[in-house]
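Engineer: Data file protein-v7.txt (compact mmCIF, C-alpha atoms) is appended below.
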```
# COMPACT_ATOMS: atom_id res chain seq x y z
CA MET A 1 27.03 34.84 -24.13
CA GLY A 2 29.92 32.43 -23.60
CA PRO A 3 32.76 33.01 -21.13
CA GLY A 4 32.62 36.80 -21.45
CA LYS A 5 30.54 38.79 -18.98
CA GLU A 6 28.87 42.11 -19.72
CA GLN A 7 28.69 45.01 -17.33
CA ALA A 8 25.09 45.83 -18.27
CA THR A 9 22.55 44.19 -15.98
CA PRO A 10 21.29 41.25 -18.05
CA GLU A 11 17.87 41.00 -16.43
CA VAL A 12 16.84 44.50 -17.52
CA GLN A 13 14.62 44.19 -20.58
CA ARG A 14 15.66 46.66 -23.27
CA LEU A 15 12.80 47.87 -25.43
CA GLU A 16 13.21 48.17 -29.19
CA VAL A 17 12.08 51.57 -30.53
CA LEU A 18 11.08 52.67 -34.02
CA ILE A 19 10.99 56.41 -34.79
CA VAL A 20 8.83 57.81 -37.58
CA GLY A 21 9.34 61.54 -37.70
CA SER A 22 11.93 64.22 -37.20
CA CYS A 23 14.72 65.39 -34.94
CA VAL A 24 12.11 66.11 -32.24
CA SER A 25 11.68 62.40 -31.51
CA ARG A 26 15.26 61.47 -32.42
CA ASP A 27 16.82 64.08 -30.14
CA THR A 28 14.45 63.11 -27.32
CA PHE A 29 15.47 59.47 -27.73
CA VAL A 30 19.07 60.09 -26.63
CA PHE A 31 17.67 61.14 -23.24
CA LEU A 32 16.37 57.58 -22.79
CA ASP A 33 18.83 55.27 -21.06
CA PRO A 34 20.47 52.83 -23.55
CA ASP A 35 20.15 49.93 -21.07
CA HIS A 36 16.36 50.41 -21.25
CA PHE A 37 15.83 51.50 -24.87
CA HIS A 38 17.43 50.64 -28.21
CA LEU A 39 16.75 52.43 -31.50
CA ARG A 40 15.72 49.80 -34.05
CA ASP A 41 15.16 52.13 -37.00
CA TYR A 42 14.59 55.80 -37.77
CA ILE A 43 12.43 56.93 -40.69
CA ALA A 44 12.74 60.66 -41.35
CA ARG A 45 12.23 63.27 -44.10
CA GLN A 46 8.99 61.57 -45.15
CA SER A 47 5.59 63.24 -44.89
CA LEU A 48 2.61 60.95 -44.40
CA VAL A 49 1.30 62.55 -47.59
CA SER A 50 4.31 61.21 -49.49
CA GLY A 51 4.59 57.97 -47.52
CA PHE A 52 1.09 56.97 -48.59
CA GLY A 53 1.14 58.73 -51.95
CA PRO A 54 2.33 57.77 -55.43
CA VAL A 55 6.08 57.32 -55.94
CA ALA A 56 8.09 59.99 -57.74
CA MET A 57 11.62 60.83 -58.76
CA PRO A 58 13.51 62.60 -55.96
CA LEU A 59 13.98 66.33 -56.41
CA VAL A 60 17.35 66.16 -54.68
CA ALA A 61 20.53 65.17 -56.48
CA THR A 62 21.38 62.46 -53.97
CA ALA A 63 24.88 62.00 -55.40
CA GLN A 64 25.67 65.46 -54.01
CA LEU A 65 24.67 64.48 -50.47
CA THR A 66 27.65 63.65 -48.28
CA SER A 67 25.55 62.01 -45.55
CA PRO A 68 24.51 58.37 -46.18
CA PHE A 69 21.59 58.94 -43.80
CA GLN A 70 20.29 61.91 -45.79
CA LYS A 71 20.67 60.00 -49.03
CA ARG A 72 18.71 57.00 -47.69
CA MET A 73 15.94 59.20 -46.35
CA VAL A 74 15.52 61.21 -49.58
CA GLU A 75 15.54 58.06 -51.70
CA GLY A 76 13.12 56.34 -49.32
CA ASP A 77 10.72 59.26 -49.53
CA ALA A 78 10.77 59.13 -53.33
CA VAL A 79 9.65 55.48 -53.34
CA SER A 80 7.20 55.98 -50.42
CA ASP A 81 8.85 53.26 -48.34
CA LEU A 82 7.32 54.27 -44.98
CA PRO A 83 4.66 51.49 -44.83
CA ARG A 84 7.09 48.80 -45.96
CA ARG A 85 9.78 49.77 -43.45
CA VAL A 86 7.31 49.90 -40.56
CA GLU A 87 5.94 46.49 -41.47
CA ALA A 88 9.44 45.04 -41.82
CA ALA A 89 10.51 46.26 -38.38
CA ALA A 90 7.25 45.72 -36.51
CA ARG A 91 7.90 42.21 -35.19
CA GLU A 92 10.96 43.39 -33.29
CA VAL A 93 9.58 46.76 -32.13
CA ASP A 94 8.12 47.38 -28.68
CA LEU A 95 7.42 51.11 -28.98
CA LEU A 96 6.90 53.50 -31.90
CA LEU A 97 7.61 57.23 -31.53
CA TRP A 98 5.87 59.39 -34.13
CA ASP A 99 5.95 63.13 -34.73
CA VAL A 100 4.66 65.25 -37.59
CA VAL A 101 7.32 67.98 -37.71
CA ASP A 102 8.53 66.82 -41.14
CA GLU A 103 5.19 68.02 -42.55
CA ARG A 104 6.27 71.62 -41.97
CA LEU A 105 7.77 72.27 -45.44
CA GLY A 106 4.88 70.80 -47.42
CA VAL A 107 5.12 68.50 -50.43
CA HIS A 108 5.70 68.61 -54.17
CA VAL A 109 3.13 67.16 -56.56
CA HIS A 110 4.80 66.03 -59.79
CA GLU A 111 3.31 66.16 -63.28
CA ASP A 112 2.61 62.42 -63.22
CA GLY A 113 0.85 62.69 -59.83
CA GLY A 114 3.79 61.45 -57.76
CA ILE A 115 4.46 63.16 -54.44
CA THR A 116 7.71 63.94 -52.63
CA THR A 117 8.32 65.67 -49.32
CA ASP A 118 9.89 69.10 -49.37
CA THR A 119 12.99 68.83 -47.17
CA VAL A 120 15.91 70.82 -45.86
CA GLU A 121 18.14 68.95 -48.33
CA SER A 122 15.86 69.94 -51.20
CA ARG A 123 15.79 73.58 -50.21
CA THR A 124 19.52 73.68 -49.63
CA GLN A 125 20.17 72.51 -53.18
CA ARG A 126 17.49 74.65 -54.83
CA GLY A 127 17.40 77.71 -52.65
CA THR A 128 14.35 79.02 -50.82
CA SER A 129 13.01 81.86 -52.93
CA GLU A 130 9.51 81.77 -54.37
CA GLU A 131 11.03 81.01 -57.77
CA THR A 132 12.87 77.91 -56.56
CA VAL A 133 10.41 76.39 -54.08
CA ALA A 134 8.62 74.57 -56.89
CA PRO A 135 11.02 73.18 -59.52
CA PRO A 136 9.84 72.96 -63.14
CA GLY A 137 7.26 70.24 -63.60
CA THR A 138 6.12 70.24 -59.99
CA ARG A 139 3.65 72.11 -57.87
CA HIS A 140 4.44 72.99 -54.26
CA VAL A 141 1.64 72.40 -51.75
CA ALA A 142 2.41 74.46 -48.66
CA PHE A 143 2.05 73.16 -45.12
CA GLY A 144 -0.96 74.72 -43.42
CA SER A 145 -2.90 75.21 -46.63
CA ASP A 146 -6.31 73.59 -46.92
CA GLU A 147 -5.02 71.42 -49.75
CA HIS A 148 -2.08 70.13 -47.74
CA PHE A 149 -4.23 69.46 -44.70
CA ALA A 150 -6.72 67.55 -46.85
CA LEU A 151 -3.90 65.38 -48.22
CA PHE A 152 -2.56 64.78 -44.71
CA GLU A 153 -6.00 63.92 -43.35
CA ALA A 154 -6.59 61.51 -46.24
CA ALA A 155 -3.38 59.63 -45.38
CA LEU A 156 -4.30 59.06 -41.73
CA PRO A 157 -6.64 56.06 -42.26
CA ALA A 158 -3.92 54.26 -44.23
CA TRP A 159 -1.40 55.04 -41.48
CA ARG A 160 -3.76 53.70 -38.81
CA ALA A 161 -4.31 50.56 -40.91
CA VAL A 162 -0.56 49.88 -40.99
CA LEU A 163 -0.33 50.32 -37.22
CA GLU A 164 -3.30 48.03 -36.65
CA ARG A 165 -2.03 45.38 -39.04
CA THR A 166 1.40 45.31 -37.40
CA GLY A 167 0.09 45.39 -33.83
CA LEU A 168 1.78 48.73 -33.15
CA LEU A 169 -1.31 50.90 -32.73
CA GLU A 170 -1.51 50.38 -28.97
CA ARG A 171 2.24 51.02 -28.61
CA THR A 172 2.53 54.24 -30.62
CA VAL A 173 3.21 57.61 -29.02
CA LEU A 174 2.63 60.88 -30.88
CA VAL A 175 5.41 63.18 -29.61
CA ALA A 176 3.96 66.66 -30.01
CA PRO A 177 5.50 69.38 -27.83
CA PRO A 178 4.69 72.94 -28.89
CA TRP A 179 7.35 74.92 -30.65
CA ALA A 180 9.27 77.05 -28.17
CA ALA A 181 8.71 80.78 -28.38
CA ARG A 182 11.76 81.55 -26.21
CA GLU A 183 15.29 80.27 -25.86
CA VAL A 184 16.47 79.09 -22.47
CA GLU A 185 18.96 81.98 -22.61
CA GLY A 186 16.00 84.39 -22.63
CA GLY A 187 15.70 85.59 -26.21
CA ALA A 188 13.00 84.88 -28.77
CA THR A 189 13.53 81.81 -30.94
CA PRO A 190 14.29 82.53 -34.61
CA PRO A 191 11.77 81.38 -37.22
CA SER A 192 12.37 78.18 -39.21
CA PHE A 193 12.09 78.80 -42.96
CA GLY A 194 10.01 81.87 -42.19
CA LEU A 195 7.71 80.11 -39.70
CA SER A 196 7.74 81.45 -36.14
CA ALA A 197 6.89 79.40 -33.06
CA ASP A 198 3.46 81.03 -32.72
CA GLU A 199 2.70 80.50 -36.41
CA GLY A 200 3.92 76.91 -36.35
CA ASN A 201 1.85 76.08 -33.27
CA ALA A 202 -1.26 77.63 -34.82
CA LEU A 203 -0.83 75.69 -38.07
CA PHE A 204 -0.06 72.36 -36.40
CA ARG A 205 -3.13 72.52 -34.17
CA ARG A 206 -5.55 70.96 -36.62
CA TYR A 207 -2.99 68.41 -37.85
CA LEU A 208 -2.47 67.13 -34.32
CA ALA A 209 -6.19 67.07 -33.63
CA ALA A 210 -6.79 65.03 -36.78
CA ALA A 211 -3.96 62.64 -35.88
CA ARG A 212 -5.38 62.06 -32.40
CA ASP A 213 -8.95 61.65 -33.62
CA GLN A 214 -8.34 59.43 -36.64
CA VAL A 215 -5.35 57.37 -35.53
CA GLY A 216 -6.27 57.24 -31.85
CA VAL A 217 -2.80 57.20 -30.30
CA ARG A 218 -1.55 58.72 -27.08
CA THR A 219 -0.16 62.23 -27.50
CA LEU A 220 2.68 63.54 -25.34
CA GLY A 221 3.83 67.14 -25.06
CA GLN A 222 0.67 69.09 -25.82
CA GLU A 223 0.15 69.68 -22.11
CA LEU A 224 3.29 71.84 -22.18
CA ALA A 225 3.26 75.56 -22.93
CA SER A 226 5.29 77.27 -25.64
CA ASP A 227 5.86 80.39 -23.55
CA PRO A 228 6.03 81.08 -19.78
CA ASP A 229 3.31 83.72 -20.15
CA GLU A 230 0.91 80.89 -21.00
CA VAL A 231 1.38 79.21 -17.59
CA PRO A 232 -0.74 80.83 -14.84
CA GLU A 233 1.28 81.61 -11.72
CA GLN A 234 -1.14 79.75 -9.47
CA GLU A 235 -0.81 76.54 -11.48
CA SER A 236 2.14 74.23 -11.77
CA GLY A 237 3.26 73.78 -15.32
CA TYR A 238 6.24 73.57 -17.62
CA TRP A 239 6.99 75.56 -20.72
CA VAL A 240 9.34 74.42 -23.43
CA HIS A 241 12.56 76.23 -24.27
CA SER A 242 14.72 76.29 -27.36
CA LEU A 243 18.51 76.15 -27.09
CA SER A 244 20.55 78.55 -29.20
CA ALA A 245 23.62 76.27 -28.89
CA HIS A 246 21.70 73.17 -30.01
CA GLN A 247 23.72 70.73 -32.12
CA TRP A 248 21.40 71.34 -35.09
CA GLY A 249 21.34 75.10 -34.61
CA PRO A 250 18.68 77.41 -33.17
CA ALA A 251 15.05 76.64 -34.08
CA PRO A 252 11.70 76.57 -32.25
CA PHE A 253 11.77 72.75 -32.22
CA HIS A 254 15.41 72.37 -31.08
CA TYR A 255 14.88 72.19 -27.33
CA ASP A 256 16.97 72.46 -24.18
CA ASP A 257 17.87 69.48 -21.98
CA ALA A 258 15.11 70.11 -19.45
CA THR A 259 12.46 69.96 -22.19
CA TYR A 260 13.85 66.74 -23.63
CA LEU A 261 13.92 65.19 -20.15
CA VAL A 262 10.24 66.02 -19.59
CA LEU A 263 9.40 64.29 -22.87
CA ALA A 264 11.70 61.33 -22.16
CA LEU A 265 10.11 60.76 -18.75
CA ALA A 266 6.66 60.74 -20.34
CA ILE A 267 7.81 58.24 -22.98
CA ALA A 268 9.36 56.00 -20.32
CA ALA A 269 6.13 56.10 -18.30
CA ALA A 270 4.10 55.09 -21.35
CA ALA A 271 6.56 52.29 -22.14
CA ARG A 272 6.34 50.96 -18.58
CA GLU A 273 2.54 51.02 -18.69
CA TRP A 274 2.15 49.37 -22.11
CA CYS A 275 5.12 47.02 -22.39
CA HIS A 276 5.54 45.94 -18.75
CA PRO A 277 9.31 45.50 -19.24
CA SER A 278 10.99 43.10 -16.85
CA GLY A 279 13.77 44.17 -14.54
CA TRP A 280 13.09 47.90 -14.62
CA ASP A 281 12.28 48.19 -10.92
CA GLY A 282 15.48 48.92 -9.08
CA ALA A 283 17.50 49.09 -12.31
CA GLY A 284 18.08 52.84 -12.25
CA SER A 285 16.33 55.60 -14.13
CA PRO A 286 15.17 54.87 -17.70
CA THR A 287 16.19 58.44 -18.61
CA ARG A 288 19.53 60.23 -18.54
CA VAL A 289 21.35 63.34 -19.81
CA PRO A 290 23.52 62.31 -22.79
CA SER A 291 27.10 63.38 -23.22
CA ALA A 292 28.22 65.87 -25.86
CA LEU A 293 29.62 62.95 -27.83
CA GLU A 294 26.30 61.11 -27.85
CA ARG A 295 24.34 64.08 -29.09
CA ASP A 296 26.79 65.78 -31.45
CA PRO A 297 27.22 64.06 -34.84
CA ALA A 298 30.19 66.30 -35.68
CA LEU A 299 32.05 64.70 -32.78
CA ARG A 300 30.72 61.17 -32.69
CA TYR A 301 31.22 60.36 -36.36
CA GLY A 302 34.83 61.51 -36.19
CA ILE A 303 35.85 58.67 -33.89
CA GLU A 304 38.03 55.90 -35.30
CA PRO A 305 36.98 52.54 -33.79
CA SER A 306 39.54 50.79 -31.60
CA ALA A 307 39.65 47.86 -29.16
CA ALA A 308 41.94 47.95 -26.12
CA LEU A 309 42.83 44.62 -24.48
CA THR A 310 44.37 44.67 -20.97
CA LEU A 311 45.29 42.10 -18.33
CA THR A 312 43.54 42.96 -15.06
CA ALA A 313 44.98 42.64 -11.56
CA SER A 314 42.79 39.57 -11.03
CA GLY A 315 44.29 37.83 -14.04
CA GLU A 316 41.38 38.30 -16.44
CA LEU A 317 41.42 39.94 -19.86
CA SER A 318 39.34 43.09 -20.27
CA VAL A 319 38.52 44.55 -23.69
CA GLU A 320 37.06 48.03 -24.16
CA LEU A 321 35.65 49.27 -27.46
CA THR A 322 35.78 52.91 -28.55
CA ALA A 323 33.67 53.63 -31.63
CA PRO A 324 31.08 55.92 -33.24
CA PRO A 325 27.42 54.90 -32.92
CA LEU A 326 26.85 51.34 -34.16
CA LYS A 327 23.98 48.90 -34.48
CA ALA A 328 25.79 46.22 -32.49
CA TRP A 329 29.13 44.50 -32.05
CA ALA A 330 30.67 41.23 -30.87
CA PHE A 331 34.05 40.32 -29.39
CA HIS A 332 36.19 37.31 -30.36
CA LEU A 333 39.18 36.41 -28.15
CA TYR A 334 42.17 34.65 -29.70
CA ARG A 335 45.12 32.88 -28.01
CA ASP A 336 48.13 32.16 -30.22
CA GLY A 337 45.97 32.66 -33.29
CA GLU A 338 43.19 30.28 -32.18
CA ARG A 339 39.76 31.59 -31.20
CA VAL A 340 39.01 30.61 -27.61
CA ALA A 341 36.00 32.74 -26.61
CA THR A 342 33.26 34.87 -28.17
CA THR A 343 30.35 37.05 -27.15
CA THR A 344 26.96 37.40 -28.78
CA TRP A 345 25.99 40.60 -30.59
CA GLY A 346 25.38 43.40 -28.10
CA ARG A 347 26.00 47.03 -27.22
CA THR A 348 28.13 46.83 -24.09
CA SER A 349 31.49 48.46 -24.76
CA GLU A 350 33.51 46.65 -22.08
CA VAL A 351 33.67 42.86 -21.61
CA THR A 352 35.87 40.66 -19.42
CA PHE A 353 37.16 37.21 -20.46
CA ALA A 354 38.78 34.48 -18.38
CA THR A 355 42.26 33.58 -19.59
CA GLN A 356 42.74 30.19 -21.26
CA GLY A 357 46.30 29.51 -20.14
CA PRO A 358 49.57 31.19 -21.11
CA GLY A 359 49.99 32.63 -24.58
CA ILE A 360 49.67 35.70 -26.79
CA TYR A 361 46.12 37.06 -26.74
CA ARG A 362 44.35 39.40 -29.13
CA CYS A 363 40.74 40.51 -29.29
CA ARG A 364 38.90 41.01 -32.55
CA ALA A 365 35.82 43.27 -32.45
CA ILE A 366 33.28 42.77 -35.25
CA LEU A 367 31.24 45.95 -35.75
CA LEU A 368 27.85 46.39 -37.40
CA PRO A 369 27.63 50.06 -38.50
CA VAL A 370 24.35 51.94 -38.75
CA ALA A 371 24.90 51.85 -42.51
CA GLY A 372 27.35 49.93 -44.66
CA ASP A 373 29.33 46.71 -44.35
CA ARG A 374 30.60 45.24 -41.10
CA LEU A 375 34.01 46.32 -39.84
CA ILE A 376 36.71 44.51 -37.87
CA VAL A 377 39.21 46.05 -35.46
CA VAL A 378 41.91 44.07 -33.67
CA SER A 379 43.53 44.92 -30.36
CA ALA A 380 47.24 45.05 -29.66
CA PRO A 381 48.62 41.73 -28.32
CA VAL A 382 48.77 40.92 -24.62
CA ARG A 383 51.13 38.23 -23.29
CA VAL A 384 49.89 36.02 -20.46
CA THR A 385 52.53 33.89 -18.71
```
Would you mind writing the file out in structure tokens?

Structural biologist:
Amino acid sequence: MGPGKEQATPEVQRLEVLIVGSCVSRDTFVFLDPDHFHLRDYIARQSLVSGFGPVAMPLVATAQLTSPFQKRMVEGDAVSDLPRRVEAAAREVDLLLWDVVDERLGVHVHEDGGITTDTVESRTQRGTSEETVAPPGTRHVAFGSDEHFALFEAALPAWRAVLERTGLLERTVLVAPPWAAREVEGGATPPSFGLSADEGNALFRRYLAAARDQVGVRTLGQELASDPDEVPEQESGYWVHSLSAHQWGPAPFHYDDATYLVLALAIAAAAREWCHPSGWDGAGSPTRVPSALERDPALRYGIEPSAALTLTASGELSVELTAPPLKAWAFHLYRDGERVATTTWGRTSEVTFATQGPGIYRCRAILLPVAGDRLIVVSAPVRVT
């Protein structure tokens, strides 16, 4: 990477991960160590029924959405871009995490036969009463109904075909913990859009069975219990808990740290078995507990990026980047206005450069955001005599 040197251990192979699903997989992912795992892409708000169904106009006024992520997901669902995005990312993906929680609100069938996923964004804009669940010109097909299950089951062969064609079938994990009946604080979890943990678990049972049977992927989480009363005292076992103070709010599928760690450890074990990543032995744990900043979008997206350049006691120049979550970044070191050193694209926030003689030094950090155009931040000058 040129004269700069990264703090991350270079021999540790970092696996590229694609997530197809909901916050269950996404929130579990942040419990995987970033030196071992990198999120390549995240496809959410898209039922398999919609992803492999006819395209349709979105039912959400995307111009009213303040989140670029939400807008991309709603628009992607409308054009059924799931297969295309998986195929586009597949060559650079080592592991695919899949969950089916985004099936829970059902789908809308439009007059022309097009299908869109019912989402939180859609319900927020329309309301959730019986009169507003199905907008004019559409028919709502509820999750758990025989019709919805038939549509889901019919999409599974097409989903398996995509995974086979891209070589991802043997590296796909179905993340399927039960919904938590109790919060870690002791109370019962509130229902999600009228669906309790017990009801959700009962309805999902045949969906998960069909996914396992027809797609043939490893399933993680179903060995867990949704309630401590389900675990016999004479047997060792773990039951999932919800967290009332979860960053997304209380829900049966918004878990506590201990639950996410159990899932993350299982994912890491599967990755080690299938991908045989180099450098993992002796490189520290592939799981961790994330900071509040890493898990809380309200905090992390409020950070203004900055680069701090300092002269170390050993006479080297150290640059440290502070920024919200990014795809990648690179550092360019300048002396008296001339570029003298660069790094490759990476995700290590602190890099050390050797000085190139006396002069005025600045560091320019080039940032690749998760969405949007690249950004540039420049450090304050440092004089080297």

Engineer: What is the CA of His246 in chain A-CA of Pro324 in chain A distance in Å, reported with one decimal?

Structural biologist: 19.9 Å

Engineer: Pick out the residues sitting within 12 Å of Ala307 in chain A, and hand them over as a ChimeraX atom specification; count all atoms listed in the file, and ignore anything fewer than 4 positions along from it in its own chain.

Structural biologist: /A:318-323,329-333,349-351,362-367,376-381

Engineer: Quick one: residues within 9 Å of Arg218 in chain A, only C-alpha atoms counted, chain neighbours fewer than 5 positions away excluded, as number ranges by chain?

Structural biologist: A: 170-175, 212, 270

Engineer: Env of Val340 in chain A: 12 Å cut, atoms = all atoms listed in the file, seq-sep filter 3 positions within chain, self excluded. Answer as number ranges by chain.

Structural biologist: A: 2-4, 331-337, 343, 353-357, 359-364

Engineer: Please measure the separation of CA of Glu92 in chain A and CA of Glu16 in chain A, giving the value in Å to one decimal.

Structural biologist: 6.7 Å

Engineer: Would you kindly return, as a list in words, each protein, DNA or RNA residue with an atom no farther than 9 Å from any atom of range 23-26 of chain A, considering only C-alpha atoms and excluding same-chain residues fewer than 6 positions away?

Structural biologist: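 The residues satisfying every condition are Tyr42, Ala44, Leu97, Trp98, Asp99, Val101, Asp102, Val175, Ala176, Pro177, Trp248, Phe253, His254, Tyr255 and Tyr260 of chain A.
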
Engineer: Find the distance between CA of Gly200 in chain A and CA of Val74 in chain A and write it in Å to one decimal.

Structural biologist: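 Computed distance, CA of Gly200 in chain A to CA of Val74 in chain A, equals 23.6 Å.
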
Engineer: From the options A:Ala209, A:Phe52, A:Ser285, A:Glu87, which residue's atoms come nearest to Gly167 in chain A, counting all atoms listed in the file?

Structural biologist: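 Residue with the minimum atom-to-atom distance to Gly167 in chain A: A:Glu87.
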
Engineer: At most 12 Å from (-5.1, 52.0, -37.4), file frame, only C-alpha atoms: which residues, as an MDAnalysis selection string?

Structural biologist: chainID A and resid 155:172 211:217

Engineer: When you count all atoms listed in the file, which of these residues is closest to Leu151 in chain A: A:Glu103, A:Asp373, A:Glu304, A:Glu121?

Structural biologist: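 The shortest atom-to-atom distance to Leu151 in chain A comes from A:Glu103.
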